[in-house]
Structure formats: structure tokens, C-alpha cells
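J.: The structure that follows is given in the form of C-alpha cells.
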Amino acid sequence: TVLLGSVALGLALAIPSGDPRFYLASLGVAVLWMTGALASGPLHLGRSRTRAGTASRGVLQGFILGAMLLALFLLGAFVIARIPLLRAPVDELLDHARYGSLWLVAAVTIAGGVAEELFFRGAVFAAFSRRVNVLGSTLLYAASTLFSGVPLLTFAAACLGLLTAAQRRVTGGVAGSITSHLTWSLGMLLLLGPVLDLGG
């Protein structure tokens with residue numbers, strides 16, 4: 001599943017911006033991750049404890065952590081904006097939203113984010129022993145973006161993967177990590193372009 005999903009992701013991102021095939025290809029990648037996750041066995045939402053001592057799914061925590069990571073990446077975008085070698089591949093990614101349907105891109109971003117969390121922080125995380133599940137699932141998640149041809153996407157996957165894998169370990173499930181992933185990815189989709197333009 002990791003190999004098939006990685007190749008499929010690379011092929012999807014190679015589709016020219018504005019081409020309707022991009023949406024179908026992106027949904028296809030999400031279906032691959034989702035199929036692998038569901039085939040692996042039971043998936044759990046997880047639980048954590050609030051300061052008041054009550055049980056929580058970790059959704060609020062996930063939102064806060066995702067927003068913090070988003071803020072760090074947006075600050076970094078001011079630097080990337082001035083380095084053409086790094087900015088060009090990022091602009092090509094954002095062109096799918098600029099020249100296509102922003103709402104359709106947002107929809108496939110949500111579908112892909114949920115599917116990735118179910119697979120990498122659900123199935124893959126559970127397949128590793130406790131000693132290496134955070135690192136192992138993070139490395140495989142980062143590796144799945146190598147065919148994209150966007151080095152910063154691999155770096156982002158490593159950072160996001162580490163954050164969400166740590167949440168998975170703390171809560172025992174994927175609810176918090178899904179929230180972090182969607183907060184970060186939708187924030188990047190909507191805000192990264194304007195920040196790059198401002199920084200450039």
C-alpha cells in the first residue's frame with residue numbers, strides 16, 4: 001500500500017494544474033490509503049485526559065497543535081519566498097488551487113488528510129513495535145512523498161508525521177491526529193499562497 005500510494009501520489013501531482021483529472025487522481029490516492037487502513041484491522045479514535053480530568057478525543061489539542069505547526073510553516077514561507085529553487089515547486093503545487101477549483105482542491109485535501117491519518121497513524125503505526133512506532137510511521141509517511149518531486153513536501157510530511165504520530169501515541173487513536181492534519185493542510189492551502197506573495 002505504501003508503494004502503490006507513493007507512486008499514485010507522484011502521478012497525481014504530475015497532472016497539470018486546472019486539469020480535472022487531478023481531482024479524480026487525488027481521490028484515487030485517498031482510496032488507496034483508506035483501503036490499506038481498513039484492511040489492516042480495527043482503527044481507534046483514541047482518548048486523552050483534559051486538565052480537569054475528564055476524557056477527551058484529543059480534538060481540541062489536535063487543533064491547537066495543528067495551528068501551531070501551521071504558524072511555524074507560514075513563518076518559514078517568508079524565507080522560502082526569496083529562494084526560487086525552493087519556491088518554484090511549491091508554487092506548482094498551489095497552482096492546482098489557483099487555476100482549478102479551490103473548493104474541489106479543499107475537498108480532496110480533506111479526503112486525503114483523513115485517509116493518510118487512518119493509514120499512517122492507524123495501520124502503519126500499529127504495525128510497528130512501541131519502541132519505533134513514532135519514528136517508523138513518520139519515516140514511511142515522509143518516504144511516501146518522495147515521488148512528488150517537491151523536497152519541501154517531504155520535509156513537511158516528516159514534521160507533520162512526527163507531530164501526529166506523537167499524538168497517536170498519547171491518545172491511542174487517530175481523532176487528534178486527523179484534526180491536526182486537517183488544520184495544518186487546509187491552513188496551508190488557503191494561506192500559503194498569500195504569504196509567499198507577501199514575502200516575495
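We name chains A, B, ... following the order of the C-alpha cells; residues begin at 1 in each chain, and ligands are numbered from 1 as shown.
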What's around A:Ile15 at 12 Å? Count only C-alpha atoms, leave out sequence neighbours fewer than 3 positions away in its own chain, and write the answer as a ChimeraX atom specification.
T.: /A:8-12,18-26,92-93,95-96,100,148
J.: Pick out the residues sitting within 7 Å of A:Thr171, and hand them over as number ranges by chain; count only C-alpha atoms, and ignore anything fewer than 3 positions along from it in its own chain.
T.: A: 46-48, 58, 167-168
J.: Write out as a PyMOL selection string each polymer residue whose atoms come within 9 Å of A:Met188, counting only C-alpha atoms; drop sequence neighbours fewer than 5 positions from it.
T.: chain A and resi 70+73-74+183+193
J.: List as a ChimeraX atom specification the protein and nucleic acid residues near A:Thr109, meaning an atom at most 10 Å away when only C-alpha atoms are counted, but skip any in the same chain fewer than 6 places from it.
T.: /A:23,26-27,30,103,115,181-182,185-186,189
J.: Which residues of stretch 79-111 of chain A come within 12 Å of stretch 116-122 of chain A, and for each one, what is the closest pair of atoms and their distance in Å to one decimal, counting only C-alpha atoms, sorted by chain and residue number, as CSV?
T.:
residue,atom,partner,partner_atom,distance
A:Val108,CA,A:Glu116,CA,11.7
A:Thr109,CA,A:Glu116,CA,10.3
A:Ile110,CA,A:Glu116,CA,9.9
A:Ala111,CA,A:Glu116,CA,8.6
J.: For the strand (DSSP E or B) assignment from backbone DSSP, which residues of stretch 17-154 of chain A qualify? Please present them as a list in words.
T.: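 Filtering stretch 17-154 of chain A down to strand (DSSP E or B) leaves Ser48, Arg49, Ala55 and Ser56 of chain A.
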J.: Which polymer residues have any atom within 10 Å of an atom of stretch 87-89 of chain A, counting only C-alpha atoms, with same-chain residues fewer than 3 positions away left out, as a PDB file with N, CA and C atoms, in the first residue's frame?
T.:
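Result written to around.pdb:
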ATOM      1  N   ALA A  77       7.647  30.346   5.326  1.00  0.00           N
ATOM      2  CA  ALA A  77       7.313  30.694   3.940  1.00  0.00           C
ATOM      3  C   ALA A  77       7.913  32.036   3.538  1.00  0.00           C
ATOM      4  N   VAL A  79      10.829  32.979   4.206  1.00  0.00           N
ATOM      5  CA  VAL A  79      12.181  32.658   3.760  1.00  0.00           C
ATOM      6  C   VAL A  79      12.134  31.964   2.396  1.00  0.00           C
ATOM      7  N   ILE A  80      11.242  30.972   2.279  1.00  0.00           N
ATOM      8  CA  ILE A  80      11.117  30.218   1.023  1.00  0.00           C
ATOM      9  C   ILE A  80      10.769  31.141  -0.139  1.00  0.00           C
ATOM     10  N   ALA A  81       9.989  32.172   0.140  1.00  0.00           N
ATOM     11  CA  ALA A  81       9.546  33.092  -0.913  1.00  0.00           C
ATOM     12  C   ALA A  81      10.719  33.754  -1.630  1.00  0.00           C
ATOM     13  N   ARG A  82      11.864  33.853  -0.968  1.00  0.00           N
ATOM     14  CA  ARG A  82      13.029  34.531  -1.540  1.00  0.00           C
ATOM     15  C   ARG A  82      14.043  33.556  -2.144  1.00  0.00           C
ATOM     16  N   ILE A  83      13.706  32.253  -2.165  1.00  0.00           N
ATOM     17  CA  ILE A  83      14.621  31.248  -2.718  1.00  0.00           C
ATOM     18  C   ILE A  83      13.921  30.549  -3.886  1.00  0.00           C
ATOM     19  N   PRO A  84      14.151  31.012  -5.118  1.00  0.00           N
ATOM     20  CA  PRO A  84      13.429  30.485  -6.287  1.00  0.00           C
ATOM     21  C   PRO A  84      13.487  28.968  -6.420  1.00  0.00           C
ATOM     22  N   GLU A  92       4.009  25.387  -7.961  1.00  0.00           N
ATOM     23  CA  GLU A  92       3.362  24.428  -8.865  1.00  0.00           C
ATOM     24  C   GLU A  92       2.276  23.640  -8.143  1.00  0.00           C
ATOM     25  N   LEU A  93       2.534  23.297  -6.875  1.00  0.00           N
ATOM     26  CA  LEU A  93       1.513  22.619  -6.083  1.00  0.00           C
ATOM     27  C   LEU A  93       0.302  23.515  -5.872  1.00  0.00           C
ATOM     28  N   LEU A  94       0.565  24.773  -5.521  1.00  0.00           N
ATOM     29  CA  LEU A  94      -0.522  25.715  -5.240  1.00  0.00           C
ATOM     30  C   LEU A  94      -1.308  26.077  -6.489  1.00  0.00           C
ATOM     31  N   ASP A  95      -0.705  25.887  -7.666  1.00  0.00           N
ATOM     32  CA  ASP A  95      -1.399  26.203  -8.915  1.00  0.00           C
ATOM     33  C   ASP A  95      -2.658  25.364  -9.103  1.00  0.00           C
ATOM     34  N   SER A 148       6.872  12.830  -5.386  1.00  0.00           N
ATOM     35  CA  SER A 148       6.192  14.088  -5.715  1.00  0.00           C
ATOM     36  C   SER A 148       7.126  15.069  -6.408  1.00  0.00           C
ATOM     37  N   GLY A 149       8.434  14.921  -6.181  1.00  0.00           N
ATOM     38  CA  GLY A 149       9.387  15.848  -6.773  1.00  0.00           C
ATOM     39  C   GLY A 149       9.442  17.188  -6.068  1.00  0.00           C
ATOM     40  N   VAL A 150       8.840  17.273  -4.878  1.00  0.00           N
ATOM     41  CA  VAL A 150       8.820  18.524  -4.110  1.00  0.00           C
ATOM     42  C   VAL A 150       9.513  18.265  -2.773  1.00  0.00           C
ATOM     43  N   PRO A 151      10.801  18.632  -2.657  1.00  0.00           N
ATOM     44  CA  PRO A 151      11.533  18.351  -1.422  1.00  0.00           C
ATOM     45  C   PRO A 151      10.863  18.913  -0.176  1.00  0.00           C
ATOM     46  N   LEU A 152      10.261  20.093  -0.299  1.00  0.00           N
ATOM     47  CA  LEU A 152       9.618  20.698   0.873  1.00  0.00           C
ATOM     48  C   LEU A 152       8.373  19.922   1.304  1.00  0.00           C
ATOM     49  N   LEU A 153       7.755  19.204   0.369  1.00  0.00           N
ATOM     50  CA  LEU A 153       6.608  18.375   0.735  1.00  0.00           C
ATOM     51  C   LEU A 153       7.063  17.206   1.595  1.00  0.00           C
ATOM     52  N   LEU A 196       3.431  33.657   0.608  1.00  0.00           N
ATOM     53  CA  LEU A 196       4.557  33.630  -0.337  1.00  0.00           C
ATOM     54  C   LEU A 196       4.588  34.910  -1.170  1.00  0.00           C
ATOM     55  N   GLY A 200       7.595  37.533  -1.090  1.00  0.00           N
ATOM     56  CA  GLY A 200       8.395  37.706  -2.296  1.00  0.00           C
ATOM     57  C   GLY A 200       8.408  39.139  -2.759  1.00  0.00           C
TER      58      GLY A 200
END
